Structures are given as C-alpha cells and as structure tokens.
file final_16.txt (compact mmCIF, C-alpha atoms)
# COMPACT_ATOMS: atom_id res chain seq x y z
CA MET A 58 19.96 -31.68 25.96
CA ASN A 59 20.67 -29.44 23.00
CA ASP A 60 18.31 -30.03 20.05
CA ASN A 61 20.47 -28.13 17.56
CA PHE A 62 22.11 -31.36 16.40
CA ALA A 63 18.81 -33.16 15.83
CA THR A 64 17.35 -30.74 13.30
CA PRO A 65 19.85 -28.90 11.12
CA SER A 66 18.77 -25.46 9.89
CA TYR A 67 20.62 -25.57 6.54
CA GLY A 68 21.38 -21.85 6.76
CA ARG A 69 17.80 -20.75 7.38
CA ARG A 70 17.05 -18.24 10.07
CA ARG A 71 14.55 -19.06 12.75
CA ARG A 72 11.37 -17.07 12.49
CA PRO A 73 10.93 -14.85 15.52
CA HIS A 74 7.66 -14.96 17.37
CA ARG A 75 4.90 -12.67 16.13
CA GLY A 76 5.06 -10.18 18.98
CA SER A 77 8.81 -9.72 19.04
CA PRO A 78 10.43 -6.41 18.05
CA ALA A 79 12.34 -8.17 15.27
CA VAL A 80 9.12 -8.81 13.39
CA ALA A 81 7.76 -5.33 13.94
CA ASP A 82 10.92 -3.61 12.71
CA SER A 83 12.12 -6.07 10.07
CA GLY A 84 9.90 -5.22 7.12
CA ALA A 85 9.29 -2.14 5.02
CA VAL A 86 5.57 -2.77 5.26
CA ASN A 87 4.55 -2.11 8.82
CA ASP A 88 1.50 -0.55 10.43
CA THR A 89 2.87 2.98 10.50
CA VAL A 90 3.90 3.05 6.84
CA ALA A 91 0.73 1.44 5.51
CA TYR A 92 -1.61 3.60 7.57
CA ALA A 93 0.33 6.80 6.82
CA VAL A 94 0.11 6.20 3.07
CA ALA A 95 -3.57 5.23 3.41
CA VAL A 96 -4.25 8.49 5.28
CA ALA A 97 -2.45 10.39 2.51
CA ALA A 98 -4.73 8.69 -0.03
CA LEU A 99 -7.75 9.64 2.07
CA LEU A 100 -6.58 13.27 2.15
CA VAL A 101 -6.26 13.30 -1.63
CA ALA A 102 -9.74 11.69 -1.84
CA ALA A 103 -11.15 14.44 0.36
CA PHE A 104 -9.47 17.08 -1.81
CA ALA A 105 -10.95 15.51 -4.94
CA ALA A 106 -14.39 15.25 -3.29
CA TRP A 107 -14.16 18.93 -2.39
CA HIS A 108 -13.52 19.67 -6.08
CA THR A 109 -16.52 17.52 -6.98
CA LEU A 110 -18.83 19.32 -4.54
CA ARG A 111 -17.67 22.72 -5.82
CA ASP A 112 -18.22 21.56 -9.42
CA ALA A 113 -14.60 22.46 -10.10
CA PRO A 114 -12.81 20.91 -13.07
CA PHE A 115 -9.76 18.73 -12.71
CA GLY A 116 -6.91 21.16 -12.12
CA ASN A 117 -3.22 21.37 -11.39
CA PRO A 118 -3.46 21.27 -7.56
CA LEU A 119 -5.36 17.98 -7.69
CA PHE A 120 -2.95 16.65 -10.29
CA TYR A 121 0.03 17.51 -8.07
CA ALA A 122 -1.60 15.90 -5.03
CA VAL A 123 -2.15 12.66 -6.94
CA ALA A 124 1.38 12.85 -8.39
CA VAL A 125 2.93 13.13 -4.92
CA LEU A 126 0.84 10.19 -3.74
CA GLU A 127 1.95 8.21 -6.81
CA LEU A 128 5.61 8.83 -5.97
CA VAL A 129 5.01 7.58 -2.43
CA LEU A 130 3.23 4.50 -3.81
CA LEU A 131 6.14 3.77 -6.16
CA VAL A 132 8.54 3.91 -3.21
CA LEU A 133 6.21 1.58 -1.31
CA LEU A 134 6.16 -0.83 -4.26
CA VAL A 135 9.95 -1.01 -4.42
CA ALA A 136 10.32 -1.24 -0.64
CA GLY A 137 7.64 -3.92 -0.48
CA CYS A 138 9.32 -6.02 -3.17
CA VAL A 139 12.71 -5.69 -1.44
CA ALA A 140 11.15 -6.60 1.92
CA LEU A 141 9.44 -9.60 0.33
CA ALA A 142 12.73 -10.79 -1.14
CA ARG A 143 14.50 -10.48 2.22
CA THR A 144 11.83 -11.89 4.53
CA ASP A 145 11.45 -15.38 5.84
CA ARG A 146 7.77 -14.87 6.62
CA GLU A 147 5.10 -16.97 5.05
CA VAL A 148 3.71 -14.30 2.73
CA GLU A 149 1.81 -15.02 -0.48
CA GLY A 150 4.29 -13.20 -2.71
CA GLY A 151 2.22 -13.11 -5.87
CA LEU A 152 -0.82 -11.73 -4.09
CA PHE A 153 1.28 -9.20 -2.16
CA VAL A 154 3.04 -7.87 -5.26
CA SER A 155 -0.20 -7.82 -7.29
CA TYR A 156 -1.85 -5.62 -4.67
CA LEU A 157 1.16 -3.29 -4.65
CA VAL A 158 1.15 -3.04 -8.44
CA THR A 159 -2.61 -2.43 -8.49
CA VAL A 160 -2.23 0.37 -5.95
CA VAL A 161 0.40 1.98 -8.19
CA VAL A 162 -1.70 1.66 -11.36
CA ILE A 163 -4.94 3.13 -9.97
CA PRO A 164 -3.90 6.82 -9.54
CA PRO A 165 -2.66 7.39 -13.12
CA ALA A 166 -5.75 5.67 -14.50
CA ALA A 167 -7.95 7.87 -12.32
CA VAL A 168 -6.11 11.01 -13.44
CA LEU A 169 -6.52 10.10 -17.11
CA TRP A 170 -10.22 9.41 -16.59
CA GLY A 171 -10.62 12.56 -14.50
CA ILE A 172 -9.04 14.74 -17.17
CA ALA A 173 -11.06 13.12 -19.97
CA GLU A 174 -14.36 13.55 -18.08
CA LYS A 175 -15.29 17.20 -18.48
CA SER A 176 -18.19 17.14 -16.02
CA ARG A 177 -17.88 17.44 -12.24
CA TRP A 178 -17.68 13.65 -12.01
CA GLY A 179 -14.14 13.65 -13.37
CA THR A 180 -12.95 14.67 -9.93
CA GLY A 181 -15.49 12.25 -8.43
CA VAL A 182 -13.70 9.40 -10.20
CA VAL A 183 -10.43 10.52 -8.60
CA ALA A 184 -12.08 10.63 -5.16
CA VAL A 185 -13.40 7.08 -5.50
CA ALA A 186 -10.04 5.87 -6.84
CA MET A 187 -8.17 7.32 -3.86
CA LEU A 188 -10.64 5.66 -1.47
CA THR A 189 -9.89 2.42 -3.29
CA VAL A 190 -6.14 2.97 -2.87
CA ALA A 191 -6.58 3.51 0.87
CA ALA A 192 -8.62 0.31 1.22
CA LEU A 193 -6.11 -1.71 -0.80
CA LEU A 194 -3.24 -0.44 1.35
CA VAL A 195 -4.96 -1.74 4.46
CA ARG A 196 -5.38 -5.06 2.66
CA VAL A 197 -1.66 -5.05 1.74
CA LEU A 198 -0.90 -4.77 5.43
CA GLY A 199 -3.22 -7.72 6.10
CA ILE A 200 -1.38 -9.82 3.53
CA TRP A 201 2.01 -8.86 4.95
CA GLU A 202 1.01 -9.55 8.55
CA PRO A 203 -1.42 -12.46 8.54
CA PRO A 204 -3.67 -12.81 11.59
CA VAL A 205 -2.41 -14.74 14.57
CA VAL A 206 -4.10 -18.10 15.06
CA ARG A 207 -4.39 -18.93 18.75

call {"tool": "encode", "arguments": {"input": "final_16.txt", "output": "structure tokens"}}
result
Amino acid sequence: MNDNFATPSYGRRRRPHRGSPAVADSGAVNDTVAYAVAVAALLVAAFAAWHTLRDAPFGNPLFYAVAVLELVLLVLLVAGCVALARTDREVEGGLFVSYLVTVVVIPPAAVLWGIAEKSRWGTGVVAVAMLTVAALLVRVLGIWEPPVVR
C-alpha cells in the first residue's frame, strides 16, 4: 500500500539519509571546504609563528597572507549563509552563523593588535588567532553535520 496519501508533505522535501551522496554534495560547508580553509589558517599561523621566532615585526607578507585568508573566510560566510537558507537539515542556524561571523572577525582584530604591538608578540597574537580560526572552522563543520546517533 502506498503511504503517500496518509501523510502529506505540504511541499517539503524528504531528507535524504546521512550517508547518501545528496547530503555530501548538497551544502557549501562540507569536509573538503572546511578542512582546506582550516589548513590555510594553520599555514598562516605557522608563517606568523616563524615571524615570532625570528623576532620579526609585523610586515606586509604576513598582512597579505591574513588578507587572503580573510577573503576566503568572507566567501565561506556568504556560502554558509546561502547553504543554511537552502537546506532542510536540522542545523542550529543562529549558532552556525555566529561561528561563521566570529571566524570572519578574528583575523582583522588580530592584524590590528599585531600592528599595534611593537614587540615580537604582535606576530604571536596573529599566530594564536589563526590557530583559533582553524579550530572554529572544524567546529563549524561539526555544527553543519551533527553526529549520527545509532
């Protein structure tokens, strides 16, 4: 017997199962994107740490590295908000967007602090901030793809 007549869908799409390709390819926030941006943040953190160890002041190369990462994070913010608006997943939207906004706000704040701090620890602040960005991006992925309860 067909159960389609018993429970009307009212225009809603059925959620595909967790392991299906539709879930893996449907959102802008997937494993590859989140981990690639987190690795980019880790590379910028390593570059800033190298500046800290060399006692080098905050300079243009570090600024450009953080600026490129910031552009990528802005794209991720927009793509994440669009994906959230289009998804039928059970995602905590406010928490998801707040993490994305926080990730976008951290690099400029770190750059301002790094430029203002004239000692070697100005670049140390940038290194710690980029480590924070990488950790928050992994958390964003966890919010987007909640664990499977078996």

call {"tool": "atom_distance", "arguments": {"input": "final_16.txt", "atom1": "CA of Val123 (chain A)", "atom2": "CA of Val168 (chain A)"}}
result
7.8 Å

call {"tool": "atom_distance", "arguments": {"input": "final_16.txt", "atom1": "CA of Arg146 (chain A)", "atom2": "CA of Ala98 (chain A)"}}
result
27.5 Å

call {"tool": "closest_residue", "arguments": {"input": "final_16.txt", "among": "A:Ala136, A:Val148, A:Val94, A:Val161", "to": "Ile200 (chain A)", "atoms": "only C-alpha atoms"}}
result
A:Val148

call {"tool": "closest_residue", "arguments": {"input": "final_16.txt", "among": "A:Val195, A:Leu141, A:Leu131, A:Val206", "to": "Ala93 (chain A)", "atoms": "only C-alpha atoms"}}
result
A:Val195

call {"tool": "closest_residue", "arguments": {"input": "final_16.txt", "among": "A:Leu128, A:Val135, A:Ala91, A:Ala105", "to": "Ala186 (chain A)", "atoms": "all atoms listed in the file"}}
result
A:Ala105

call {"tool": "residues_around", "arguments": {"input": "final_16.txt", "residues": "region 155-157 of chain A", "least_positions_apart": "5", "cutoff": "12 Å", "atoms": "only C-alpha atoms", "output": "MDAnalysis selection string"}}
result
chainID A and resid 86 91 127 129:138 141 149:150 162:163 189:201

call {"tool": "closest_residue", "arguments": {"input": "final_16.txt", "among": "A:Asp145, A:Glu174, A:Gly151, A:Tyr92", "to": "Pro114 (chain A)", "atoms": "all atoms listed in the file"}}
result
A:Glu174

call {"tool": "closest_residue", "arguments": {"input": "final_16.txt", "among": "A:Phe115, A:Leu126, A:Phe104, A:Tyr121", "to": "Trp170 (chain A)", "atoms": "all atoms listed in the file"}}
result
A:Phe115

call {"tool": "closest_residue", "arguments": {"input": "final_16.txt", "among": "A:Ala184, A:Ala106, A:Phe120, A:Ala113", "to": "Leu169 (chain A)", "atoms": "only C-alpha atoms"}}
result
A:Phe120

call {"tool": "atom_distance", "arguments": {"input": "final_16.txt", "atom1": "CA of Thr109 (chain A)", "atom2": "CA of Pro164 (chain A)"}}
result
16.7 Å
